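Colleague: For reference, the file final_33.pdb (PDB, C-alpha atoms and all ligand atoms) is included below:
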ATOM      1  CA  MET A   1       1.886 -26.394  40.904
ATOM      2  CA  GLU A   2       3.419 -27.848  37.775
ATOM      3  CA  LYS A   3       6.104 -25.728  36.102
ATOM      4  CA  LYS A   4       4.412 -26.010  32.674
ATOM      5  CA  ALA A   5       1.174 -24.429  33.905
ATOM      6  CA  LYS A   6       3.084 -21.567  35.525
ATOM      7  CA  GLU A   7       5.121 -21.000  32.373
ATOM      8  CA  PHE A   8       1.993 -20.991  30.208
ATOM      9  CA  ASP A   9       0.298 -18.555  32.572
ATOM     10  CA  SER A  10       3.271 -16.215  32.518
ATOM     11  CA  ILE A  11       3.194 -16.139  28.682
ATOM     12  CA  ALA A  12      -0.601 -15.670  28.577
ATOM     13  CA  ARG A  13      -0.464 -12.932  31.233
ATOM     14  CA  ASN A  14       2.535 -11.027  29.883
ATOM     15  CA  ILE A  15       2.447 -11.568  26.125
ATOM     16  CA  PHE A  16      -1.036 -12.729  24.998
ATOM     17  CA  LYS A  17      -3.065 -10.556  27.378
ATOM     18  CA  PRO A  18      -4.374  -7.915  24.885
ATOM     19  CA  ILE A  19      -5.879 -10.549  22.561
ATOM     20  CA  TYR A  20      -8.543 -11.872  24.942
ATOM     21  CA  PRO A  21     -10.922  -8.864  25.103
ATOM     22  CA  ILE A  22     -10.610  -8.445  21.330
ATOM     23  CA  ILE A  23     -11.485 -12.104  20.658
ATOM     24  CA  ALA A  24     -14.322 -11.901  23.208
ATOM     25  CA  GLY A  25     -15.690  -8.903  21.255
ATOM     26  CA  GLN A  26     -15.423 -10.834  17.968
ATOM     27  CA  ILE A  27     -17.315 -13.784  19.499
ATOM     28  CA  ILE A  28     -20.090 -11.549  20.847
ATOM     29  CA  ALA A  29     -20.378  -9.683  17.526
ATOM     30  CA  ARG A  30     -20.619 -12.960  15.575
ATOM     31  CA  THR A  31     -23.006 -14.886  17.869
ATOM     32  CA  GLY A  32     -24.967 -12.142  19.627
ATOM     33  CA  ILE A  33     -24.910 -14.234  22.828
ATOM     34  CA  THR A  34     -24.623 -12.106  25.980
ATOM     35  CA  SER A  35     -26.655 -14.044  28.543
ATOM     36  CA  GLY A  36     -27.192 -17.630  29.607
ATOM     37  CA  THR A  37     -24.355 -20.102  29.987
ATOM     38  CA  CYS A  38     -20.906 -20.234  28.423
ATOM     39  CA  LEU A  39     -18.260 -22.976  28.399
ATOM     40  CA  ASP A  40     -14.568 -22.118  27.795
ATOM     41  CA  ILE A  41     -12.946 -25.392  26.645
ATOM     42  CA  GLY A  42      -9.211 -25.863  27.207
ATOM     43  CA  CYS A  43      -9.471 -22.572  29.037
ATOM     44  CA  GLY A  44      -5.840 -22.481  30.241
ATOM     45  CA  SER A  45      -5.638 -19.582  32.694
ATOM     46  CA  GLY A  46      -9.217 -18.624  31.804
ATOM     47  CA  TYR A  47      -8.490 -15.219  30.295
ATOM     48  CA  LEU A  48     -10.856 -15.574  27.313
ATOM     49  CA  GLY A  49     -13.716 -16.766  29.532
ATOM     50  CA  ALA A  50     -13.031 -13.957  31.998
ATOM     51  CA  ALA A  51     -13.057 -11.358  29.189
ATOM     52  CA  LEU A  52     -16.407 -12.762  27.983
ATOM     53  CA  ALA A  53     -17.840 -12.709  31.507
ATOM     54  CA  LYS A  54     -16.786  -9.075  31.978
ATOM     55  CA  ALA A  55     -18.378  -8.007  28.688
ATOM     56  CA  THR A  56     -21.674  -9.891  29.236
ATOM     57  CA  GLN A  57     -24.036 -11.386  31.807
ATOM     58  CA  LEU A  58     -22.924 -14.956  30.945
ATOM     59  CA  TYR A  59     -22.517 -17.648  33.597
ATOM     60  CA  MET A  60     -19.078 -19.163  32.864
ATOM     61  CA  HIS A  61     -17.971 -22.790  33.032
ATOM     62  CA  PHE A  62     -14.186 -23.082  32.703
ATOM     63  CA  LEU A  63     -12.985 -26.530  31.536
ATOM     64  CA  ASP A  64      -9.418 -27.795  31.239
ATOM     65  CA  GLN A  65      -7.839 -31.239  31.397
ATOM     66  CA  SER A  66      -4.983 -29.912  33.541
ATOM     67  CA  PRO A  67      -5.695 -29.642  37.287
ATOM     68  CA  ASP A  68      -2.793 -27.148  37.501
ATOM     69  CA  MET A  69      -4.450 -24.840  34.968
ATOM     70  CA  ILE A  70      -7.737 -25.115  36.872
ATOM     71  CA  GLU A  71      -5.931 -23.888  40.015
ATOM     72  CA  ILE A  72      -4.811 -20.817  38.013
ATOM     73  CA  VAL A  73      -8.375 -20.333  36.666
ATOM     74  CA  LYS A  74      -9.609 -20.096  40.258
ATOM     75  CA  GLN A  75      -7.259 -17.118  40.773
ATOM     76  CA  THR A  76      -8.463 -15.555  37.493
ATOM     77  CA  ILE A  77     -12.073 -15.865  38.700
ATOM     78  CA  GLN A  78     -11.176 -14.070  41.951
ATOM     79  CA  GLU A  79      -9.149 -11.354  40.197
ATOM     80  CA  ASN A  80     -12.072 -10.594  37.892
ATOM     81  CA  ASN A  81     -14.618 -10.726  40.684
ATOM     82  CA  ILE A  82     -16.849 -13.220  38.863
ATOM     83  CA  GLN A  83     -17.089 -15.830  41.651
ATOM     84  CA  GLY A  84     -20.899 -15.546  41.676
ATOM     85  CA  ARG A  85     -21.223 -16.677  38.052
ATOM     86  CA  SER A  86     -18.335 -19.054  37.437
ATOM     87  CA  ALA A  87     -17.643 -22.766  37.856
ATOM     88  CA  THR A  88     -14.629 -24.921  36.990
ATOM     89  CA  ILE A  89     -14.478 -28.419  35.499
ATOM     90  CA  THR A  90     -11.336 -30.536  35.335
ATOM     91  CA  GLY A  91     -11.800 -32.861  32.381
ATOM     92  CA  ASP A  92     -11.294 -33.755  28.746
ATOM     93  CA  VAL A  93     -13.294 -32.255  25.885
ATOM     94  CA  SER A  94     -14.090 -35.792  24.673
ATOM     95  CA  SER A  95     -16.338 -36.347  27.708
ATOM     96  CA  ILE A  96     -17.758 -33.085  29.044
ATOM     97  CA  ALA A  97     -19.385 -33.323  32.486
ATOM     98  CA  LEU A  98     -22.392 -31.183  31.549
ATOM     99  CA  PRO A  99     -25.972 -32.153  30.598
ATOM    100  CA  ASP A 100     -27.284 -32.253  27.019
ATOM    101  CA  ASN A 101     -28.606 -28.925  25.663
ATOM    102  CA  SER A 102     -27.242 -26.904  28.597
ATOM    103  CA  ILE A 103     -24.817 -24.348  27.095
ATOM    104  CA  ASN A 104     -25.689 -21.266  25.046
ATOM    105  CA  LEU A 105     -22.133 -20.463  23.948
ATOM    106  CA  ALA A 106     -19.115 -22.818  23.823
ATOM    107  CA  VAL A 107     -15.762 -21.162  23.093
ATOM    108  CA  SER A 108     -12.256 -22.486  22.818
ATOM    109  CA  ARG A 109      -9.015 -20.758  21.829
ATOM    110  CA  GLY A 110      -5.688 -22.455  21.113
ATOM    111  CA  SER A 111      -6.801 -25.850  22.425
ATOM    112  CA  VAL A 112      -8.437 -27.647  19.459
ATOM    113  CA  PHE A 113      -4.990 -28.185  17.888
ATOM    114  CA  PHE A 114      -4.188 -30.607  20.741
ATOM    115  CA  TRP A 115      -7.412 -32.659  20.775
ATOM    116  CA  GLU A 116      -6.744 -36.309  19.963
ATOM    117  CA  ASP A 117     -10.197 -37.395  18.795
ATOM    118  CA  LEU A 118     -11.644 -34.409  16.942
ATOM    119  CA  PRO A 119     -14.941 -36.033  15.809
ATOM    120  CA  GLN A 120     -15.680 -37.138  19.387
ATOM    121  CA  ALA A 121     -14.828 -33.649  20.716
ATOM    122  CA  PHE A 122     -17.151 -31.998  18.172
ATOM    123  CA  ARG A 123     -19.953 -34.487  18.991
ATOM    124  CA  GLU A 124     -19.584 -33.664  22.698
ATOM    125  CA  ILE A 125     -19.677 -29.918  22.060
ATOM    126  CA  TYR A 126     -22.763 -30.315  19.875
ATOM    127  CA  ARG A 127     -24.420 -32.477  22.564
ATOM    128  CA  ILE A 128     -24.016 -29.887  25.347
ATOM    129  CA  LEU A 129     -25.125 -26.933  23.160
ATOM    130  CA  ALA A 130     -28.659 -25.717  23.793
ATOM    131  CA  PRO A 131     -30.945 -25.445  20.758
ATOM    132  CA  GLY A 132     -30.038 -22.110  19.151
ATOM    133  CA  GLY A 133     -26.652 -22.246  20.919
ATOM    134  CA  TRP A 134     -23.366 -21.349  19.247
ATOM    135  CA  SER A 135     -19.799 -22.537  19.470
ATOM    136  CA  TYR A 136     -16.680 -20.620  18.438
ATOM    137  CA  ILE A 137     -13.616 -22.872  18.411
ATOM    138  CA  GLY A 138     -10.174 -22.318  16.968
ATOM    139  CA  GLY A 139      -7.174 -20.090  17.234
ATOM    140  CA  GLY A 140      -6.177 -16.528  16.595
ATOM    141  CA  PHE A 141      -4.559 -13.428  18.043
ATOM    142  CA  GLY A 142      -7.285 -10.826  17.622
ATOM    143  CA  ASN A 143      -5.861  -8.974  14.621
ATOM    144  CA  ARG A 144      -2.870  -8.890  12.310
ATOM    145  CA  GLU A 145      -0.916  -6.271  14.278
ATOM    146  CA  LEU A 146      -1.228  -8.175  17.554
ATOM    147  CA  LYS A 147      -0.363 -11.429  15.810
ATOM    148  CA  GLU A 148       2.864  -9.964  14.404
ATOM    149  CA  SER A 149       3.829  -8.354  17.700
ATOM    150  CA  ILE A 150       3.161 -11.585  19.659
ATOM    151  CA  LYS A 151       5.072 -13.631  17.091
ATOM    152  CA  GLY A 152       8.092 -11.334  17.534
ATOM    153  CA  LYS A 153       7.955 -11.596  21.317
ATOM    154  CA  MET A 154       7.433 -15.376  21.277
ATOM    155  CA  MET A 155      10.280 -15.996  18.824
ATOM    156  CA  SER A 156      12.645 -14.321  21.277
ATOM    157  CA  ASN A 157      11.061 -15.968  24.341
ATOM    158  CA  GLU A 158      13.508 -18.437  25.911
ATOM    159  CA  ASN A 159      10.766 -21.084  26.459
ATOM    160  CA  SER A 160       9.510 -21.175  22.876
ATOM    161  CA  ASN A 161      12.807 -22.407  21.315
ATOM    162  CA  GLY A 162      12.085 -20.285  18.264
ATOM    163  CA  GLN A 163       9.436 -22.805  17.135
ATOM    164  CA  PHE A 164       6.452 -20.539  17.615
ATOM    165  CA  GLY A 165       6.399 -19.338  13.981
ATOM    166  CA  ASP A 166       6.238 -22.923  12.617
ATOM    167  CA  LEU A 167       3.520 -23.888  15.079
ATOM    168  CA  MET A 168       1.473 -20.825  14.191
ATOM    169  CA  ARG A 169       1.783 -21.508  10.460
ATOM    170  CA  ARG A 170       0.767 -25.165  10.915
ATOM    171  CA  ASN A 171      -2.210 -24.344  13.149
ATOM    172  CA  MET A 172      -3.530 -21.730  10.703
ATOM    173  CA  SER A 173      -2.864 -23.759   7.531
ATOM    174  CA  PRO A 174      -5.363 -24.951   4.891
ATOM    175  CA  GLU A 175      -4.424 -28.533   5.963
ATOM    176  CA  THR A 176      -5.596 -27.862   9.530
ATOM    177  CA  ARG A 177      -8.813 -26.348   8.219
ATOM    178  CA  GLU A 178      -9.319 -29.457   6.068
ATOM    179  CA  ARG A 179      -8.695 -31.703   9.107
ATOM    180  CA  PHE A 180     -11.405 -29.775  11.010
ATOM    181  CA  GLU A 181     -13.884 -30.086   8.135
ATOM    182  CA  THR A 182     -13.254 -33.837   7.791
ATOM    183  CA  ALA A 183     -13.789 -34.299  11.555
ATOM    184  CA  LEU A 184     -17.023 -32.257  11.461
ATOM    185  CA  LYS A 185     -18.278 -34.424   8.592
ATOM    186  CA  THR A 186     -17.351 -37.597  10.508
ATOM    187  CA  ALA A 187     -19.219 -36.236  13.545
ATOM    188  CA  GLY A 188     -22.289 -35.667  11.347
ATOM    189  CA  ILE A 189     -22.316 -31.904  11.960
ATOM    190  CA  ASN A 190     -23.428 -29.799   8.992
ATOM    191  CA  SER A 191     -24.515 -26.538  10.627
ATOM    192  CA  TYR A 192     -21.167 -24.766  10.780
ATOM    193  CA  SER A 193     -19.080 -22.173   9.012
ATOM    194  CA  ILE A 194     -15.342 -21.603   9.018
ATOM    195  CA  LEU A 195     -13.727 -18.200   9.527
ATOM    196  CA  HIS A 196     -10.180 -18.207   8.205
ATOM    197  CA  ASN A 197      -8.071 -15.179   7.406
ATOM    198  CA  GLU A 198      -4.887 -13.333   8.370
ATOM    199  CA  ASP A 199      -6.683 -11.043  10.795
ATOM    200  CA  ILE A 200      -9.025 -13.321  12.665
ATOM    201  CA  GLY A 201      -7.163 -16.665  12.542
ATOM    202  CA  LEU A 202      -8.984 -19.998  12.056
ATOM    203  CA  TRP A 203     -12.320 -20.612  13.791
ATOM    204  CA  ILE A 204     -15.140 -23.129  13.476
ATOM    205  CA  VAL A 205     -18.483 -21.493  14.196
ATOM    206  CA  MET A 206     -21.273 -24.027  14.870
ATOM    207  CA  ARG A 207     -24.941 -23.359  15.489
ATOM    208  CA  LYS A 208     -27.299 -25.980  16.929
TER     209      LYS A 208
HETATM  210  C1  LIG B   1      -2.439 -23.311  24.385
HETATM  211  S1  LIG B   1      -3.439 -23.520  25.792
HETATM  212  C2  LIG B   1      -4.702 -22.300  25.484
HETATM  213  C3  LIG B   1      -5.313 -21.808  26.761
HETATM  214  C4  LIG B   1      -6.376 -20.706  26.626
HETATM  215  N1  LIG B   1      -7.524 -21.157  25.921
HETATM  216  C5  LIG B   1      -5.816 -19.454  26.036
HETATM  217  O1  LIG B   1      -6.167 -19.132  24.888
HETATM  218  O2  LIG B   1      -5.028 -18.759  26.701
HETATM  219  C6  LIG B   1      -4.263 -25.060  25.507
HETATM  220  C7  LIG B   1      -5.052 -25.569  26.705
HETATM  221  O3  LIG B   1      -5.878 -26.651  26.282
HETATM  222  C8  LIG B   1      -5.887 -27.647  27.281
HETATM  223  N2  LIG B   1      -6.244 -28.925  26.622
HETATM  224  C9  LIG B   1      -5.530 -29.581  25.667
HETATM  225  N3  LIG B   1      -6.164 -30.710  25.275
HETATM  226  C10 LIG B   1      -7.336 -30.757  25.990
HETATM  227  C11 LIG B   1      -8.411 -31.678  26.026
HETATM  228  N4  LIG B   1      -8.412 -32.774  25.261
HETATM  229  N5  LIG B   1      -9.444 -31.442  26.872
HETATM  230  C12 LIG B   1      -9.425 -30.330  27.675
HETATM  231  N6  LIG B   1      -8.414 -29.421  27.689
HETATM  232  C13 LIG B   1      -7.373 -29.620  26.850
HETATM  233  C14 LIG B   1      -4.492 -27.613  27.874
HETATM  234  O4  LIG B   1      -4.436 -28.170  29.164
HETATM  235  C15 LIG B   1      -4.189 -26.110  27.846
HETATM  236  O5  LIG B   1      -4.541 -25.492  29.061
END
So, in terms of structure tokens, how does the structure I just supplied come out?
Ligand SMILES: C[S@@+](CC[C@H](N)C(=O)[O-])C[C@H]1O[C@@H](n2cnc3c(N)ncnc32)[C@H](O)[C@@H]1O
Modeller:
Amino acid sequence: MEKKAKEFDSIARNIFKPIYPIIAGQIIARTGITSGTCLDIGCGSGYLGAALAKATQLYMHFLDQSPDMIEIVKQTIQENNIQGRSATITGDVSSIALPDNSINLAVSRGSVFFWEDLPQAFREIYRILAPGGWSYIGGGFGNRELKESIKGKMMSNENSNGQFGDLMRRNMSPETRERFETALKTAGINSYSILHNEDIGLWIVMRK
């Protein structure tokens, strides 16, 4: 397994861990979706999708472009005992191997900042959403306290080279929000709102 995937998993497992159930709760509170199908895009180790699965009856699809991350997701599925209602997809968000109108809830945390063709990604997400379906895409750390504590730990983490603070500021900036809104407009998507504050982070909430 690639070193990068293992390193990411170690950070997610040891430092980010408490954020996933909190973000899952925020997603459920905002969308009200607790059954049907869910897609976790750029799922990494799959901890957000697993937290959602544990809190709901959702059938989870875990998607990531990295085959090494998908190998880790398979362990996460086992550890959480959700084998009966989980599937994995290795692939890019710009071409999602799922039928039109098939997903009730599409979520993505910490991945959208890396997507090369944002309008195409948003079109794909809109395509796979079922009528009445929701998506919740962006980045955040659950709440302000967790964000500050994670920032402190990451700044002293030997793999982050002290750049975590800059990255966090850039990802959560008004410029990034503007880039998202321009891409949504280009994709022809009007039915969305943006959540953006110090506590929650920056999220695009779409409804089909
Ligand atoms: C910072 S990690 C976040 C992982 C996870 N969502 C979490 O919050 O712990 C970003 C993930 O997005 C994936 N990714 C980046 N660009 C992608 C793309 N275009 N399509 C699918 N996955 C992508 C990466 O492989 C990586 O696993």
Colleague: If you count only C-alpha atoms and all ligand atoms, which residues end up within 9 Å of ligand LIG 1 (chain B), as number ranges by chain?
Modeller: A: 5, 8-9, 11-13, 16-17, 19-20, 40-49, 63-70, 90-96, 107-117, 121, 139-140
Colleague: Can I get the selected residues back with C-alpha atoms, as an mmCIF file, in the frame of the given file?
Modeller:
data_model
loop_
_atom_site.group_PDB
_atom_site.id
_atom_site.type_symbol
_atom_site.label_atom_id
_atom_site.label_comp_id
_atom_site.auth_asym_id
_atom_site.auth_seq_id
_atom_site.Cartn_x
_atom_site.Cartn_y
_atom_site.Cartn_z
ATOM 1 C CA ALA A 5 1.174 -24.429 33.905
ATOM 2 C CA PHE A 8 1.993 -20.991 30.208
ATOM 3 C CA ASP A 9 0.298 -18.555 32.572
ATOM 4 C CA ILE A 11 3.194 -16.139 28.682
ATOM 5 C CA ALA A 12 -0.601 -15.670 28.577
ATOM 6 C CA ARG A 13 -0.464 -12.932 31.233
ATOM 7 C CA PHE A 16 -1.036 -12.729 24.998
ATOM 8 C CA LYS A 17 -3.065 -10.556 27.378
ATOM 9 C CA ILE A 19 -5.879 -10.549 22.561
ATOM 10 C CA TYR A 20 -8.543 -11.872 24.942
ATOM 11 C CA ASP A 40 -14.568 -22.118 27.795
ATOM 12 C CA ILE A 41 -12.946 -25.392 26.645
ATOM 13 C CA GLY A 42 -9.211 -25.863 27.207
ATOM 14 C CA CYS A 43 -9.471 -22.572 29.037
ATOM 15 C CA GLY A 44 -5.840 -22.481 30.241
ATOM 16 C CA SER A 45 -5.638 -19.582 32.694
ATOM 17 C CA GLY A 46 -9.217 -18.624 31.804
ATOM 18 C CA TYR A 47 -8.490 -15.219 30.295
ATOM 19 C CA LEU A 48 -10.856 -15.574 27.313
ATOM 20 C CA GLY A 49 -13.716 -16.766 29.532
ATOM 21 C CA LEU A 63 -12.985 -26.530 31.536
ATOM 22 C CA ASP A 64 -9.418 -27.795 31.239
ATOM 23 C CA GLN A 65 -7.839 -31.239 31.397
ATOM 24 C CA SER A 66 -4.983 -29.912 33.541
ATOM 25 C CA PRO A 67 -5.695 -29.642 37.287
ATOM 26 C CA ASP A 68 -2.793 -27.148 37.501
ATOM 27 C CA MET A 69 -4.450 -24.840 34.968
ATOM 28 C CA ILE A 70 -7.737 -25.115 36.872
ATOM 29 C CA THR A 90 -11.336 -30.536 35.335
ATOM 30 C CA GLY A 91 -11.800 -32.861 32.381
ATOM 31 C CA ASP A 92 -11.294 -33.755 28.746
ATOM 32 C CA VAL A 93 -13.294 -32.255 25.885
ATOM 33 C CA SER A 94 -14.090 -35.792 24.673
ATOM 34 C CA SER A 95 -16.338 -36.347 27.708
ATOM 35 C CA ILE A 96 -17.758 -33.085 29.044
ATOM 36 C CA VAL A 107 -15.762 -21.162 23.093
ATOM 37 C CA SER A 108 -12.256 -22.486 22.818
ATOM 38 C CA ARG A 109 -9.015 -20.758 21.829
ATOM 39 C CA GLY A 110 -5.688 -22.455 21.113
ATOM 40 C CA SER A 111 -6.801 -25.850 22.425
ATOM 41 C CA VAL A 112 -8.437 -27.647 19.459
ATOM 42 C CA PHE A 113 -4.990 -28.185 17.888
ATOM 43 C CA PHE A 114 -4.188 -30.607 20.741
ATOM 44 C CA TRP A 115 -7.412 -32.659 20.775
ATOM 45 C CA GLU A 116 -6.744 -36.309 19.963
ATOM 46 C CA ASP A 117 -10.197 -37.395 18.795
ATOM 47 C CA ALA A 121 -14.828 -33.649 20.716
ATOM 48 C CA GLY A 139 -7.174 -20.090 17.234
ATOM 49 C CA GLY A 140 -6.177 -16.528 16.595
#
Colleague: Just need the box for segment 161-174 of chain A, edges along x, y and z, holding every atom the file lists for it with 6 Å tacked onto each side, so centre and edge lengths in Å to one decimal, as lines of an AutoDock Vina configuration file.
Modeller:
center_x = 3.7
center_y = -22.3
center_z = 13.1
size_x = 30.2
size_y = 17.8
size_z = 28.4
Colleague: Applied to this file, what does the PyMOL selection byres (((chain A and resi 188) around 12) and not hetatm) return in terms of residues, put as a ChimeraX atom specification?
Modeller: /A:119-120,122-124,126-127,181-187,189-192
Colleague: Save the residues we just selected, C-alpha atoms, as an mmCIF file, in the coordinates of the input?
Modeller:
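What follows is the written file again05.cif:
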data_model
loop_
_atom_site.group_PDB
_atom_site.id
_atom_site.type_symbol
_atom_site.label_atom_id
_atom_site.label_comp_id
_atom_site.auth_asym_id
_atom_site.auth_seq_id
_atom_site.Cartn_x
_atom_site.Cartn_y
_atom_site.Cartn_z
ATOM 1 C CA PRO A 119 -14.941 -36.033 15.809
ATOM 2 C CA GLN A 120 -15.680 -37.138 19.387
ATOM 3 C CA PHE A 122 -17.151 -31.998 18.172
ATOM 4 C CA ARG A 123 -19.953 -34.487 18.991
ATOM 5 C CA GLU A 124 -19.584 -33.664 22.698
ATOM 6 C CA TYR A 126 -22.763 -30.315 19.875
ATOM 7 C CA ARG A 127 -24.420 -32.477 22.564
ATOM 8 C CA GLU A 181 -13.884 -30.086 8.135
ATOM 9 C CA THR A 182 -13.254 -33.837 7.791
ATOM 10 C CA ALA A 183 -13.789 -34.299 11.555
ATOM 11 C CA LEU A 184 -17.023 -32.257 11.461
ATOM 12 C CA LYS A 185 -18.278 -34.424 8.592
ATOM 13 C CA THR A 186 -17.351 -37.597 10.508
ATOM 14 C CA ALA A 187 -19.219 -36.236 13.545
ATOM 15 C CA ILE A 189 -22.316 -31.904 11.960
ATOM 16 C CA ASN A 190 -23.428 -29.799 8.992
ATOM 17 C CA SER A 191 -24.515 -26.538 10.627
ATOM 18 C CA TYR A 192 -21.167 -24.766 10.780
#
Colleague: Could you please determine the separation between atom CA of Glu148 of chain A and atom CA of Ile15 of chain A in Å, to one decimal place?
Modeller: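 Pair atom CA of Glu148 of chain A / atom CA of Ile15 of chain A returns 11.8 Å.
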Colleague: What does the structure give for the distance between atom CA of Phe180 of chain A and atom CA of Thr56 of chain A, in Å to one decimal?
Modeller: 28.9 Å
Colleague: Can you work out the spacing between atom CA of His196 of chain A and atom CA of Arg177 of chain A in Å, to one decimal?
Modeller: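 Computing it gives 8.3 Å between the two atoms.
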Colleague: My list of candidates is A:Leu146, A:Ile82, A:Ile128, A:Leu118. Which is closest to Pro18 of chain A when distances are computed with only C-alpha atoms?
Modeller: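 Comparing A:Leu146, A:Ile82, A:Ile128, A:Leu118 against Pro18 of chain A, the winner is A:Leu146.
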Colleague: Taking into account all atoms listed in the file, which residue in the set A:Gly133, A:Gly142, A:Gly32, A:Gly152 is nearest to Asp199 of chain A?
Modeller: A:Gly142
Colleague: Compute the distance from (-25.7, -16.1, 24.1) to each atom, counting all atoms listed in the file, keep the residues with any atom at most 10 Å away, and return them as JSON, numbers by chain; use the coordinates of the file.
Modeller: {"A": [27, 28, 31, 32, 33, 34, 35, 36, 37, 38, 56, 57, 58, 103, 104, 105, 106, 132, 133, 134, 135]}
Colleague: Between A:Arg170, A:Ala24, A:Gly138, A:Asn157, single out the one closest to Leu202 of chain A, counting only C-alpha atoms.
Modeller: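 That would be A:Gly138, the residue with the smallest distance to Leu202 of chain A.
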Colleague: For the provided coordinates, the residues matched by the PyMOL selection byres (((chain A and resi 84-86) around 7) and not hetatm) should be stated as a list in words.
Modeller: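 The output of the PyMOL selection byres (((chain A and resi 84-86) around 7) and not hetatm) on this file is Tyr59, Met60, His61, Ile82, Gln83, Ala87 and Thr88 of chain A.
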Colleague: Residues as selected, C-alpha atoms, written as a PDB file, keeping the file's coordinate frame, can you do that?
Modeller:
ATOM      1  CA  TYR A  59     -22.517 -17.648  33.597  1.00  0.00           C
ATOM      2  CA  MET A  60     -19.078 -19.163  32.864  1.00  0.00           C
ATOM      3  CA  HIS A  61     -17.971 -22.790  33.032  1.00  0.00           C
ATOM      4  CA  ILE A  82     -16.849 -13.220  38.863  1.00  0.00           C
ATOM      5  CA  GLN A  83     -17.089 -15.830  41.651  1.00  0.00           C
ATOM      6  CA  ALA A  87     -17.643 -22.766  37.856  1.00  0.00           C
ATOM      7  CA  THR A  88     -14.629 -24.921  36.990  1.00  0.00           C
TER       8      THR A  88
END
Colleague: Hey, which of A:Leu98, A:Ile72, A:Ile89, A:Ile23 ends up closest to Glu2 of chain A? Count all atoms listed in the file.
Modeller: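 That would be A:Ile72, the residue with the smallest distance to Glu2 of chain A.
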